[in-house]
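As provided, input05.tsv (TSV, C-alpha atoms) reads as follows.
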```
chain	number	residue	atom	x	y	z
G	1	MET	CA	222.08	75.36	84.91
G	2	SER	CA	220.12	75.33	81.65
G	3	LEU	CA	216.40	74.84	81.65
G	4	PHE	CA	216.45	71.50	79.88
G	5	SER	CA	219.23	69.83	81.83
G	6	GLY	CA	217.20	68.16	84.58
G	7	ALA	CA	220.19	68.38	86.89
G	8	ALA	CA	218.14	69.74	89.76
G	9	SER	CA	215.49	67.06	89.40
G	10	THR	CA	215.18	63.98	87.22
G	11	ALA	CA	211.39	64.15	87.28
G	12	GLY	CA	209.94	64.91	83.86
G	13	TYR	CA	213.36	65.05	82.20
G	14	ALA	CA	212.36	63.54	78.85
G	15	GLU	CA	209.25	65.70	78.49
G	16	ARG	CA	211.06	68.89	79.51
G	17	THR	CA	213.95	68.24	77.14
G	18	ALA	CA	211.64	67.53	74.20
G	19	ARG	CA	209.83	70.80	74.85
G	20	LEU	CA	212.91	73.00	75.22
G	21	VAL	CA	215.35	71.67	72.62
G	22	PRO	CA	214.14	72.64	69.13
G	23	GLY	CA	213.62	69.61	66.91
G	24	LEU	CA	214.96	67.17	69.50
G	25	ALA	CA	213.51	64.01	67.95
G	26	ASP	CA	214.80	64.92	64.50
G	27	MET	CA	218.19	65.81	65.98
G	28	HIS	CA	218.37	62.32	67.50
G	29	LYS	CA	217.38	60.82	64.15
G	30	MET	CA	220.08	62.81	62.35
G	31	THR	CA	222.65	61.77	64.95
G	32	GLY	CA	221.77	58.10	64.45
G	33	LEU	CA	222.09	58.45	60.68
G	34	LEU	CA	225.47	60.19	60.98
G	35	LEU	CA	226.79	57.47	63.29
G	36	ALA	CA	225.53	54.81	60.88
G	37	GLU	CA	227.58	56.29	58.03
G	38	ARG	CA	230.70	54.77	59.62
G	39	ALA	CA	229.56	52.25	62.22
G	40	PRO	CA	228.87	48.65	61.14
G	41	SER	CA	225.39	47.21	61.48
G	42	ASP	CA	226.53	45.28	64.57
G	43	GLY	CA	228.59	48.15	65.99
G	44	THR	CA	229.06	49.31	69.57
G	45	ILE	CA	228.30	52.96	70.31
G	46	LEU	CA	229.45	55.06	73.27
G	47	VAL	CA	226.99	57.67	74.55
G	48	LEU	CA	228.44	60.14	77.06
G	49	GLY	CA	225.92	62.01	79.20
G	50	ALA	CA	223.40	59.23	78.65
G	51	GLY	CA	221.28	59.82	81.76
G	52	GLY	CA	217.59	59.78	80.94
G	53	GLY	CA	218.12	57.37	78.05
G	54	VAL	CA	216.28	59.45	75.45
G	55	GLU	CA	218.94	59.31	72.74
G	56	LEU	CA	219.86	55.72	73.60
G	57	LYS	CA	216.27	54.68	72.97
G	58	ALA	CA	216.17	56.55	69.66
G	59	PHE	CA	219.42	54.97	68.43
G	60	ALA	CA	218.44	51.48	69.59
G	61	ARG	CA	215.15	51.71	67.69
G	62	MET	CA	216.97	52.80	64.53
G	63	GLN	CA	219.64	50.09	64.65
G	64	PRO	CA	218.39	46.73	65.97
G	65	ASP	CA	221.86	45.15	66.14
G	66	TRP	CA	223.84	47.98	67.70
G	67	ARG	CA	224.97	47.65	71.29
G	68	PHE	CA	225.64	50.62	73.55
G	69	LEU	CA	227.55	51.86	76.55
G	70	GLY	CA	225.85	54.81	78.22
G	71	VAL	CA	228.00	56.81	80.66
G	72	ASP	CA	226.67	59.42	83.10
G	73	PRO	CA	227.79	60.65	86.55
G	74	SER	CA	224.24	60.62	87.96
G	75	ALA	CA	222.93	57.35	89.36
G	76	ASP	CA	219.42	58.81	89.45
G	77	MET	CA	219.55	59.72	85.78
G	78	LEU	CA	220.88	56.29	84.85
G	79	GLU	CA	217.98	54.75	86.72
G	80	LYS	CA	215.66	56.90	84.62
G	81	ALA	CA	217.48	55.71	81.51
G	82	GLN	CA	216.94	52.07	82.44
G	83	GLU	CA	213.23	52.72	82.96
G	84	HIS	CA	212.91	54.68	79.73
G	85	LEU	CA	214.67	52.03	77.63
G	86	GLY	CA	212.39	49.19	78.67
G	87	PRO	CA	213.11	46.01	76.66
G	88	LEU	CA	215.69	47.88	74.55
G	89	GLY	CA	217.85	48.02	77.67
G	90	ALA	CA	218.99	44.46	76.95
G	91	ARG	CA	221.43	45.95	74.41
G	92	VAL	CA	222.60	48.78	76.67
G	93	SER	CA	225.20	48.77	79.43
G	94	LEU	CA	225.08	51.75	81.79
G	95	LEU	CA	228.11	53.05	83.65
G	96	GLU	CA	228.06	55.63	86.44
G	97	GLY	CA	231.06	57.88	85.93
G	98	TYR	CA	232.92	60.03	83.42
G	99	ILE	CA	234.74	59.44	80.16
G	100	HIS	CA	237.91	58.22	81.88
G	101	ASP	CA	235.85	55.42	83.46
G	102	ALA	CA	234.95	53.95	80.06
G	103	PRO	CA	237.12	51.28	78.39
G	104	GLU	CA	239.50	52.58	75.72
G	105	ARG	CA	239.53	52.24	71.90
G	106	GLN	CA	236.78	49.78	71.21
G	107	PHE	CA	233.83	51.82	70.00
G	108	ASP	CA	232.51	52.19	66.46
G	109	GLY	CA	230.96	55.60	67.14
G	110	ALA	CA	230.11	58.02	69.92
G	111	ALA	CA	227.68	60.77	70.76
G	112	CYS	CA	227.60	63.43	73.47
G	113	LEU	CA	224.36	65.40	73.38
G	114	LEU	CA	223.34	68.37	75.55
G	115	THR	CA	226.26	67.86	77.92
G	116	LEU	CA	229.52	69.57	76.99
G	117	HIS	CA	228.26	73.11	77.63
G	118	PHE	CA	228.44	72.35	81.37
G	119	LEU	CA	232.26	71.97	81.14
G	120	ASP	CA	234.80	74.76	80.98
G	121	ARG	CA	237.24	74.87	78.08
G	122	GLU	CA	240.00	72.83	79.77
G	123	GLU	CA	237.68	70.10	81.02
G	124	ARG	CA	235.85	70.04	77.70
G	125	LEU	CA	239.10	69.44	75.83
G	126	LYS	CA	240.05	66.63	78.23
G	127	THR	CA	236.64	65.04	77.72
G	128	LEU	CA	236.83	65.31	73.94
G	129	SER	CA	240.34	63.83	73.96
G	130	GLY	CA	239.08	60.97	76.12
G	131	LEU	CA	236.26	60.33	73.68
G	132	ARG	CA	238.61	60.30	70.70
G	133	GLN	CA	240.91	57.82	72.47
G	134	ARG	CA	237.97	55.44	72.89
G	135	LEU	CA	237.00	55.42	69.22
G	136	LYS	CA	238.34	53.31	66.41
G	137	PRO	CA	240.18	55.41	63.81
G	138	GLY	CA	237.68	56.68	61.29
G	139	ALA	CA	234.69	56.37	63.63
G	140	ALA	CA	232.11	59.15	63.76
G	141	PHE	CA	231.55	61.38	66.77
G	142	VAL	CA	228.47	63.60	67.13
G	143	SER	CA	228.19	66.44	69.63
G	144	VAL	CA	225.33	68.86	70.30
G	145	HIS	CA	225.17	71.55	72.99
G	146	HIS	CA	224.68	75.26	73.64
G	147	SER	CA	227.15	77.27	71.54
G	148	PHE	CA	226.62	80.90	70.58
G	149	PRO	CA	228.42	84.27	70.44
G	150	THR	CA	229.92	85.27	73.78
G	151	ASP	CA	230.33	89.00	73.21
G	152	PRO	CA	227.80	90.87	75.40
G	153	ALA	CA	225.52	91.96	72.57
G	154	GLY	CA	225.60	88.60	70.83
G	155	LYS	CA	224.99	86.67	74.03
G	156	ASP	CA	222.02	88.84	74.96
G	157	ARG	CA	220.53	88.56	71.48
G	158	TRP	CA	220.69	84.76	71.29
G	159	LEU	CA	219.58	84.19	74.87
G	160	ALA	CA	216.58	86.45	74.23
G	161	ARG	CA	215.70	84.35	71.19
G	162	TYR	CA	215.96	81.14	73.17
G	163	ALA	CA	213.92	82.69	75.99
G	164	ALA	CA	211.18	83.52	73.49
G	165	PHE	CA	211.23	79.93	72.26
G	166	SER	CA	211.09	78.61	75.82
G	167	THR	CA	208.07	80.78	76.65
G	168	GLU	CA	206.33	79.88	73.40
G	169	SER	CA	206.90	76.21	74.25
G	170	GLY	CA	204.94	76.56	77.47
G	171	THR	CA	207.52	77.50	80.11
G	172	SER	CA	206.37	80.18	82.52
G	173	ARG	CA	207.91	83.61	82.03
G	174	SER	CA	209.41	83.62	85.54
G	175	LEU	CA	211.08	80.23	85.05
G	176	THR	CA	212.34	81.32	81.66
G	177	GLU	CA	213.84	84.51	83.06
G	178	ASN	CA	215.54	82.65	85.92
G	179	GLY	CA	216.90	80.05	83.53
G	180	MET	CA	218.29	82.61	81.12
G	181	ALA	CA	219.95	84.51	83.97
G	182	ALA	CA	221.59	81.30	85.18
G	183	MET	CA	222.79	80.45	81.69
G	184	LYS	CA	224.24	83.92	81.20
G	185	GLU	CA	226.07	83.96	84.52
G	186	ARG	CA	227.20	80.37	85.05
G	187	LEU	CA	227.16	78.33	81.84
G	188	PRO	CA	230.69	78.22	80.34
G	189	VAL	CA	229.50	78.62	76.76
G	190	LEU	CA	231.99	78.78	73.89
G	191	THR	CA	231.41	80.20	70.44
G	192	PRO	CA	230.76	77.77	67.55
G	193	GLU	CA	234.23	78.56	66.20
G	194	GLN	CA	235.85	77.73	69.55
G	195	ASP	CA	233.89	74.50	69.85
G	196	ALA	CA	234.93	73.35	66.39
G	197	ASP	CA	238.54	74.22	67.16
G	198	LEU	CA	238.44	72.14	70.38
G	199	LEU	CA	237.28	69.13	68.37
G	200	ARG	CA	240.33	69.50	66.13
G	201	GLN	CA	242.64	69.97	69.11
G	202	ALA	CA	241.28	66.74	70.58
G	203	GLY	CA	242.28	64.81	67.44
G	204	PHE	CA	239.10	64.87	65.37
G	205	VAL	CA	239.14	65.68	61.67
G	206	ASP	CA	236.51	66.57	59.06
G	207	VAL	CA	234.58	68.67	61.58
G	208	GLU	CA	231.20	69.68	60.11
G	209	THR	CA	228.13	71.46	61.46
G	210	PHE	CA	224.88	69.54	60.95
G	211	TYR	CA	222.44	71.15	63.42
G	212	THR	CA	221.70	74.76	64.32
G	213	ALA	CA	218.71	75.70	66.48
G	214	PHE	CA	218.81	79.06	68.26
G	215	THR	CA	221.48	78.64	70.98
G	216	PHE	CA	222.25	75.00	70.09
G	217	ARG	CA	224.85	73.76	67.62
G	218	GLY	CA	225.73	70.24	66.54
G	219	TRP	CA	228.83	68.82	64.87
G	220	VAL	CA	229.85	65.54	63.30
G	221	ALA	CA	233.55	64.72	63.20
G	222	THR	CA	235.84	61.77	62.50
G	223	ALA	CA	238.30	60.19	64.92
G	224	GLY	CA	241.76	60.78	63.51
```

Translate the structure of the given file into structure tokens.
Amino acid sequence: MSLFSGAASTAGYAERTARLVPGLADMHKMTGLLLAERAPSDGTILVLGAGGGVELKAFARMQPDWRFLGVDPSADMLEKAQEHLGPLGARVSLLEGYIHDAPERQFDGAACLLTLHFLDREERLKTLSGLRQRLKPGAAFVSVHHSFPTDPAGKDRWLARYAAFSTESGTSRSLTENGMAAMKERLPVLTPEQDADLLRQAGFVDVETFYTAFTFRGWVATAG
């Protein structure tokens, strides 16, 4: 489990995520702008891994006529999302489940932020394929998650850098060390090259990197 995930406890999720993901607010802003390049002003956007509602709130503030479907397997996190959205929740439908539970081929854009690194390669490809099937051709998809070299030396180097950032951001050294050990042992991280290749295998084209922050990478791609 990564330090920012909130999977063990939903308490303080938004604050913890903002502290431990470099430039989180700007990353959300960039994601909204990338989606808006292809989505109409009255578009419908799919957000996978929407528990907590942080990105949903950012997108809804940026685009007053967009409507959203937020999908997440955690009922507790979806409850947090509803609370966090406040009045903006009137434009958001929340669905407890996974990508295969969402309706197919009706969305003008999609985002999946800080989620896919929990899935192994096979499940990640299935999820990406499911996302692509639920997008109109030409729609934008934005993904951000942990992605860094997986050779032993490269992994140690980048995890040490992220650990330093975590500590500098106010996380205790013991919690940082435990979190880094868990990431190293259990998180099924892929390299940036492998992640980009999975997007292409899933049917996305024009795959481009737009965000790099220590162990995090972000891509924008087009539904083929």

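With atom CA of G:Glu83 on one side and atom CA of G:Ala102 on the other, the separation reads 21.9 Å.
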
The residue from G:Thr171, G:Thr127, G:Thr191, G:Thr17 with the smallest atom-to-atom distance to G:Thr215, counting all atoms listed in the file, is G:Thr191

Per residue of stretch 7-123 of chain G within 10 Å of stretch 198-212 of chain G, which atom pair is closest and at what distance in Å (one decimal), using only C-alpha atoms, listed by chain and increasing number, as JSON lines?
```
{"residue": "G:Pro22", "atom": "CA", "partner": "G:Thr212", "partner_atom": "CA", "distance": 9.2}
{"residue": "G:Gly23", "atom": "CA", "partner": "G:Tyr211", "partner_atom": "CA", "distance": 9.6}
{"residue": "G:Asp26", "atom": "CA", "partner": "G:Tyr211", "partner_atom": "CA", "distance": 9.9}
{"residue": "G:Met27", "atom": "CA", "partner": "G:Tyr211", "partner_atom": "CA", "distance": 7.3}
{"residue": "G:Met30", "atom": "CA", "partner": "G:Phe210", "partner_atom": "CA", "distance": 8.4}
{"residue": "G:Thr31", "atom": "CA", "partner": "G:Phe210", "partner_atom": "CA", "distance": 9.0}
{"residue": "G:Leu34", "atom": "CA", "partner": "G:Phe210", "partner_atom": "CA", "distance": 9.4}
{"residue": "G:Arg121", "atom": "CA", "partner": "G:Leu198", "partner_atom": "CA", "distance": 8.3}
{"residue": "G:Glu122", "atom": "CA", "partner": "G:Leu198", "partner_atom": "CA", "distance": 9.5}
```

Any idea what the distance is between atom CA of G:Gln194 and atom CA of G:Glu96?
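Atom CA of G:Glu96 lies at a distance of 28.9 Å from atom CA of G:Gln194.
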
Could the centre and edge lengths of an axis-aligned box, enclosing all atoms of stretch 50-68 of chain G in the file with 6 Å extra on each side, be given in Å to one decimal as JSON?
```
{"center_x": 220.4, "center_y": 52.5, "center_z": 73.1, "size_x": 22.5, "size_y": 26.7, "size_z": 29.2}
```

So that I can check the surroundings of stretch 74-78 of chain G, please list as a PyMOL selection string every protein, DNA and RNA residue that reaches within 7 Å of it, counting only C-alpha atoms and ignoring chain neighbours fewer than 6 positions away.
chain G and resi 10+51-52+94+96

re atom CA of G:Arg38 and atom CA of G:Ser129: distance 19.5 Å

Of the listed residues G:Val92, G:Ala153, G:Leu113, G:Ala223, that which approaches G:Glu55 most closely, counting only C-alpha atoms
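Smallest separation from G:Glu55 among the options: G:Leu113.
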
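You can rank G:Leu114, G:Ile45, G:Ala221, G:Met180 by their closest distance to G:Leu159 using only C-alpha atoms, and at the top of that list sits G:Met180.
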
Option closest in space to G:Phe107, from G:Glu123, G:Asp72, G:Glu168, G:Asp42 [counting all atoms listed in the file]
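The closest residue to G:Phe107 is G:Asp42.
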